[in-house]
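Please read the structure below before turning to the comments.
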Amino acid sequence: MLAAKPMPLDQALAQTSLAVDAYVKAALAEFDLPVAKAMSYAIEGGKTLRGFLVLETARLHGIGAGAAIPAAAAIECLHAYSLIHDDLPCMDDDDLRRGRPTVHRKWDEATAVLAGDALQSLAFELVLGTECSAEARLDLARGLAKASGVAGMVGGQAMDIAAETATLPLSLADVEALQAGKTGALITWSALAGPRMARSDQRPLRAYGDAMGRAFQIADDILDVEGDAGSLGKAVGKDAVAGKATFISHLGLDGAKRLAHMLVDEACDALAVYGSDAETLRDVARFVIARNR
Ligand code: IPE
Ligand code: IPE
Ligand code: MG
Ligand code: MG
Ligand code: MG
């Protein structure tokens with residue numbers, strides 16, 4: 001019998017989005033508060049790339065979606081929290097996210113801060129419900145704490161904000177460190193979910209996640225320059241106005257695109273040990289720099 005052909009990536013991402021939405025909404029169903037409505041709103045409409053990486057790297061290790069969905073929902077809650085706070089007036093001051101008003105515009109700043117806080121807490125509650133050994137759960141949760149805090153996302157965001165008013169521009173090495181924190185850490189955590197759950201070698205997927213995360217943020221920076229606000233669902237042209245240090249401010253558009261392609265190749269090569277079974281993950285890496293949203 002022929003093996004079933006995997007579904008196209010856009011369909012697989014859309015299916016993950018529905019599954020994550022449903023899982024998070026079930027966890028919020030009993031709360032009839034504006035903050036819970038804002039949490040639910042913030043989960044909707046994303047690409048669900050991080051959640052998909054969790055499910056796909058789990059599948060690669062023989063673990064089904066039913067066991068891994070709590071971890072996929074957890075990372076999407078963590079990511080949604082980071083976006084709510086990133087959009088606040090004291091950070092990037094954005095009015096549009098995923099084609100809709102940002103949470104502080106639809107509700108108010110206090111609700112946005114609290115919805116972000118509670119999504120972060122919910123992320124840890126959910127990740128602790130992942131179906132795997134107690135050791136693996138601990139490793140997932142500890143890894144998520146590290147990836148989201150000062151050693152990861154928050155540290156990178158702090159460097160990003162500080163750079164706006166610094167007298168000296170950041171070096172390329174500083175931009176790399178900033179990116180590795182603000183975007184890379186959560187992406188690498190997502191790619192490591194499968195080997196963590198299976199208690200197997202994390203090295204290939206760490207190399208994949210690190211390279212793909214770098215390519216992902218370069219693409220985000222390129223889309224801020226060349227993208228279309230309508231398809232992106234968020235404002236464009238903001239990084240240069242805010243004086244952000246990006247890959248483009250250092251390498252120019254062409255240099256940034258060349259680097260992004262090299263990183264996608266590096267990410268794909270890192271999957272060699274998995275052979276053709278990792279083809280979907282290679283598709284993800286290629287998608288990351290080909291996307292228009
Ligand atoms: C946007 O992330 C923010 C960055 C980390 C650069 P995504 O492009 O994954 O956003 P959604 O989840 O699809 O909206
Ligand atoms: C946001 O980076 C990264 C996090 C939320 C951690 P950006 O500020 O570049 O993301 P966008 O462009 O607003 O989505
Ligand atoms: Mg930002
Ligand atoms: Mg932003
Ligand atoms: Mg951006």
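Identifiers in the structure tokens: chain A, B, ... in order shown; residue index from 1 per chain; ligand index from 1 in order shown.
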Contacts of chain A with ligand 5 up to 12 Å, shortest pair per row, only C-alpha atoms and all ligand atoms, as CSV:
```
residue,atom,partner,partner_atom_place_in_ligand_line,distance
A:Leu83,CA,ligand 5,1 (Mg),10.4
A:Asp86,CA,ligand 5,1 (Mg),9.7
A:Asp87,CA,ligand 5,1 (Mg),10.5
A:Asp92,CA,ligand 5,1 (Mg),9.4
A:Asp94,CA,ligand 5,1 (Mg),10.9
A:Arg97,CA,ligand 5,1 (Mg),11.3
A:Gln157,CA,ligand 5,1 (Mg),11.2
A:Asp160,CA,ligand 5,1 (Mg),10.6
A:Gln179,CA,ligand 5,1 (Mg),10.7
A:Lys182,CA,ligand 5,1 (Mg),10.5
A:Thr183,CA,ligand 5,1 (Mg),9.9
A:Phe216,CA,ligand 5,1 (Mg),10.2
A:Gln217,CA,ligand 5,1 (Mg),7.5
A:Ile218,CA,ligand 5,1 (Mg),9.0
A:Ala219,CA,ligand 5,1 (Mg),8.9
A:Asp220,CA,ligand 5,1 (Mg),5.1
A:Asp221,CA,ligand 5,1 (Mg),5.4
A:Ile222,CA,ligand 5,1 (Mg),8.6
A:Leu223,CA,ligand 5,1 (Mg),7.8
A:Asp224,CA,ligand 5,1 (Mg),6.1
A:Val225,CA,ligand 5,1 (Mg),9.6
A:Glu226,CA,ligand 5,1 (Mg),11.8
A:Gly227,CA,ligand 5,1 (Mg),10.9
A:Ala229,CA,ligand 5,1 (Mg),11.9
A:Leu232,CA,ligand 5,1 (Mg),10.6
A:Gly233,CA,ligand 5,1 (Mg),11.9
A:Lys234,CA,ligand 5,1 (Mg),9.2
A:Ala235,CA,ligand 5,1 (Mg),9.2
A:Val236,CA,ligand 5,1 (Mg),8.4
A:Gly237,CA,ligand 5,1 (Mg),9.3
A:Lys238,CA,ligand 5,1 (Mg),8.0
A:Asp239,CA,ligand 5,1 (Mg),7.0
A:Ala240,CA,ligand 5,1 (Mg),10.6
A:Ala242,CA,ligand 5,1 (Mg),11.2
A:Lys244,CA,ligand 5,1 (Mg),9.5
A:Ala245,CA,ligand 5,1 (Mg),11.0
A:Thr246,CA,ligand 5,1 (Mg),9.2
A:Phe247,CA,ligand 5,1 (Mg),11.2
A:Ile248,CA,ligand 5,1 (Mg),11.7
A:Arg293,CA,ligand 5,1 (Mg),11.1
```
Which of region 102-246 of chain A DSSP labels alpha helix (DSSP H), written as a PDB file with C-alpha atoms, in the first residue's frame:
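As a result, part14.pdb now contains:
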```
ATOM      1  CA  VAL A 103      -6.236  43.979  22.175  1.00  0.00           C
ATOM      2  CA  HIS A 104      -5.586  47.349  23.823  1.00  0.00           C
ATOM      3  CA  ARG A 105      -7.501  49.081  21.004  1.00  0.00           C
ATOM      4  CA  LYS A 106     -10.450  46.688  21.140  1.00  0.00           C
ATOM      5  CA  GLU A 109      -4.532  48.825  28.077  1.00  0.00           C
ATOM      6  CA  ALA A 110      -5.266  47.289  31.473  1.00  0.00           C
ATOM      7  CA  THR A 111      -7.197  44.442  29.863  1.00  0.00           C
ATOM      8  CA  ALA A 112      -4.370  43.940  27.355  1.00  0.00           C
ATOM      9  CA  VAL A 113      -1.714  43.749  30.073  1.00  0.00           C
ATOM     10  CA  LEU A 114      -3.821  41.329  32.107  1.00  0.00           C
ATOM     11  CA  ALA A 115      -4.805  39.172  29.119  1.00  0.00           C
ATOM     12  CA  GLY A 116      -1.096  38.840  28.297  1.00  0.00           C
ATOM     13  CA  ASP A 117      -0.254  37.962  31.896  1.00  0.00           C
ATOM     14  CA  ALA A 118      -3.000  35.347  32.065  1.00  0.00           C
ATOM     15  CA  LEU A 119      -2.053  33.825  28.697  1.00  0.00           C
ATOM     16  CA  GLN A 120       1.448  33.351  30.032  1.00  0.00           C
ATOM     17  CA  SER A 121       0.112  31.598  33.144  1.00  0.00           C
ATOM     18  CA  LEU A 122      -2.239  29.499  31.015  1.00  0.00           C
ATOM     19  CA  ALA A 123       0.714  28.464  28.838  1.00  0.00           C
ATOM     20  CA  PHE A 124       2.422  26.877  31.846  1.00  0.00           C
ATOM     21  CA  GLU A 125      -0.800  25.256  33.051  1.00  0.00           C
ATOM     22  CA  LEU A 126      -1.333  23.745  29.596  1.00  0.00           C
ATOM     23  CA  VAL A 127       2.235  22.573  29.007  1.00  0.00           C
ATOM     24  CA  ALA A 134       6.990  13.361  34.235  1.00  0.00           C
ATOM     25  CA  GLU A 135      10.663  13.989  33.365  1.00  0.00           C
ATOM     26  CA  ALA A 136       9.732  15.076  29.846  1.00  0.00           C
ATOM     27  CA  ARG A 137       6.987  17.387  31.162  1.00  0.00           C
ATOM     28  CA  LEU A 138       9.445  18.978  33.553  1.00  0.00           C
ATOM     29  CA  ASP A 139      11.929  19.467  30.716  1.00  0.00           C
ATOM     30  CA  LEU A 140       9.242  21.059  28.514  1.00  0.00           C
ATOM     31  CA  ALA A 141       8.110  23.423  31.277  1.00  0.00           C
ATOM     32  CA  ARG A 142      11.624  24.383  32.378  1.00  0.00           C
ATOM     33  CA  GLY A 143      12.596  24.942  28.744  1.00  0.00           C
ATOM     34  CA  LEU A 144       9.536  27.141  28.210  1.00  0.00           C
ATOM     35  CA  ALA A 145      10.349  29.219  31.278  1.00  0.00           C
ATOM     36  CA  LYS A 146      13.878  29.794  30.025  1.00  0.00           C
ATOM     37  CA  ALA A 147      12.830  30.513  26.431  1.00  0.00           C
ATOM     38  CA  SER A 148      10.190  33.045  27.456  1.00  0.00           C
ATOM     39  CA  MET A 153      11.902  36.355  24.543  1.00  0.00           C
ATOM     40  CA  VAL A 154      11.737  39.048  27.230  1.00  0.00           C
ATOM     41  CA  GLY A 155      15.502  39.594  27.120  1.00  0.00           C
ATOM     42  CA  GLY A 156      15.373  40.046  23.344  1.00  0.00           C
ATOM     43  CA  GLN A 157      12.386  42.377  23.535  1.00  0.00           C
ATOM     44  CA  ALA A 158      14.204  44.469  26.148  1.00  0.00           C
ATOM     45  CA  MET A 159      17.246  44.774  23.861  1.00  0.00           C
ATOM     46  CA  ASP A 160      14.962  45.697  20.948  1.00  0.00           C
ATOM     47  CA  ILE A 161      13.293  48.511  22.901  1.00  0.00           C
ATOM     48  CA  ALA A 162      16.589  49.772  24.362  1.00  0.00           C
ATOM     49  CA  ALA A 163      18.096  49.968  20.872  1.00  0.00           C
ATOM     50  CA  GLU A 164      15.484  52.538  19.808  1.00  0.00           C
ATOM     51  CA  THR A 165      17.012  55.178  22.055  1.00  0.00           C
ATOM     52  CA  LEU A 172      25.281  42.825  13.719  1.00  0.00           C
ATOM     53  CA  ALA A 173      26.331  40.505  16.556  1.00  0.00           C
ATOM     54  CA  ASP A 174      24.001  42.465  18.881  1.00  0.00           C
ATOM     55  CA  VAL A 175      21.150  42.110  16.373  1.00  0.00           C
ATOM     56  CA  GLU A 176      21.807  38.366  16.229  1.00  0.00           C
ATOM     57  CA  ALA A 177      21.651  38.141  20.034  1.00  0.00           C
ATOM     58  CA  LEU A 178      18.506  40.288  20.153  1.00  0.00           C
ATOM     59  CA  GLN A 179      16.807  38.122  17.537  1.00  0.00           C
ATOM     60  CA  ALA A 185      13.976  31.100  21.651  1.00  0.00           C
ATOM     61  CA  LEU A 186      10.250  30.308  21.304  1.00  0.00           C
ATOM     62  CA  ILE A 187      10.746  28.844  17.827  1.00  0.00           C
ATOM     63  CA  THR A 188      13.578  26.602  19.004  1.00  0.00           C
ATOM     64  CA  TRP A 189      11.502  25.528  22.010  1.00  0.00           C
ATOM     65  CA  SER A 190       8.736  24.525  19.587  1.00  0.00           C
ATOM     66  CA  ALA A 191      11.131  22.506  17.425  1.00  0.00           C
ATOM     67  CA  LEU A 192      12.502  20.737  20.517  1.00  0.00           C
ATOM     68  CA  ALA A 193       9.087  19.666  21.815  1.00  0.00           C
ATOM     69  CA  GLY A 194       9.172  16.334  19.924  1.00  0.00           C
ATOM     70  CA  PRO A 195      12.617  15.147  21.067  1.00  0.00           C
ATOM     71  CA  ARG A 196      11.894  16.425  24.571  1.00  0.00           C
ATOM     72  CA  MET A 197       8.652  14.423  24.777  1.00  0.00           C
ATOM     73  CA  ALA A 198      10.393  11.339  23.390  1.00  0.00           C
ATOM     74  CA  ARG A 203      20.754  18.321  18.641  1.00  0.00           C
ATOM     75  CA  PRO A 204      19.379  18.073  15.081  1.00  0.00           C
ATOM     76  CA  LEU A 205      16.178  19.941  15.902  1.00  0.00           C
ATOM     77  CA  ARG A 206      18.033  22.546  17.949  1.00  0.00           C
ATOM     78  CA  ALA A 207      20.210  23.298  14.905  1.00  0.00           C
ATOM     79  CA  TYR A 208      17.077  23.352  12.708  1.00  0.00           C
ATOM     80  CA  GLY A 209      15.146  25.630  15.101  1.00  0.00           C
ATOM     81  CA  ASP A 210      18.034  28.055  15.570  1.00  0.00           C
ATOM     82  CA  ALA A 211      18.629  28.472  11.824  1.00  0.00           C
ATOM     83  CA  MET A 212      14.923  28.622  10.982  1.00  0.00           C
ATOM     84  CA  GLY A 213      14.253  31.131  13.768  1.00  0.00           C
ATOM     85  CA  ARG A 214      16.948  33.429  12.384  1.00  0.00           C
ATOM     86  CA  ALA A 215      15.468  33.117   8.887  1.00  0.00           C
ATOM     87  CA  PHE A 216      11.998  33.773  10.322  1.00  0.00           C
ATOM     88  CA  GLN A 217      12.972  37.088  11.934  1.00  0.00           C
ATOM     89  CA  ILE A 218      14.879  38.198   8.833  1.00  0.00           C
ATOM     90  CA  ALA A 219      11.693  37.545   6.837  1.00  0.00           C
ATOM     91  CA  ASP A 220       9.677  39.530   9.427  1.00  0.00           C
ATOM     92  CA  ASP A 221      12.097  42.444   9.016  1.00  0.00           C
ATOM     93  CA  ILE A 222      11.923  42.166   5.188  1.00  0.00           C
ATOM     94  CA  LEU A 223       8.118  42.094   5.290  1.00  0.00           C
ATOM     95  CA  ASP A 224       8.165  45.275   7.367  1.00  0.00           C
ATOM     96  CA  VAL A 225       9.940  46.931   4.407  1.00  0.00           C
ATOM     97  CA  GLU A 226       8.447  45.162   1.389  1.00  0.00           C
ATOM     98  CA  ALA A 229      -0.274  45.670   5.365  1.00  0.00           C
ATOM     99  CA  GLY A 230      -3.448  44.121   3.931  1.00  0.00           C
ATOM    100  CA  SER A 231      -2.048  40.608   3.601  1.00  0.00           C
ATOM    101  CA  LEU A 232       0.214  40.867   6.652  1.00  0.00           C
ATOM    102  CA  LYS A 238       7.511  50.768  11.356  1.00  0.00           C
ATOM    103  CA  ASP A 239      11.014  49.441  12.068  1.00  0.00           C
ATOM    104  CA  ALA A 240      12.841  52.216  10.187  1.00  0.00           C
ATOM    105  CA  VAL A 241      10.619  54.937  11.696  1.00  0.00           C
ATOM    106  CA  ALA A 242      11.224  53.576  15.201  1.00  0.00           C
TER     107      ALA A 242
END
```
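Restricting the calculation to only C-alpha atoms, the smallest distance between Leu271 (chain A) and any of A:Arg98, A:Ser249, A:Ser82, A:Thr57 is found for A:Thr57.
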**OP:** Between CA of Leu128 (chain A) and CA of Ala71 (chain A), measure the distance and give it in Å to one decimal.
**Re:** 8.0 Å
**OP:** Choose the residue, out of A:Ala278, A:Ala270, A:Ala151, A:Val288, that has the smallest atom-to-atom separation from His61 (chain A); count only C-alpha atoms.
**Re:**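 Closest to His61 (chain A), using only C-alpha atoms: A:Ala278.
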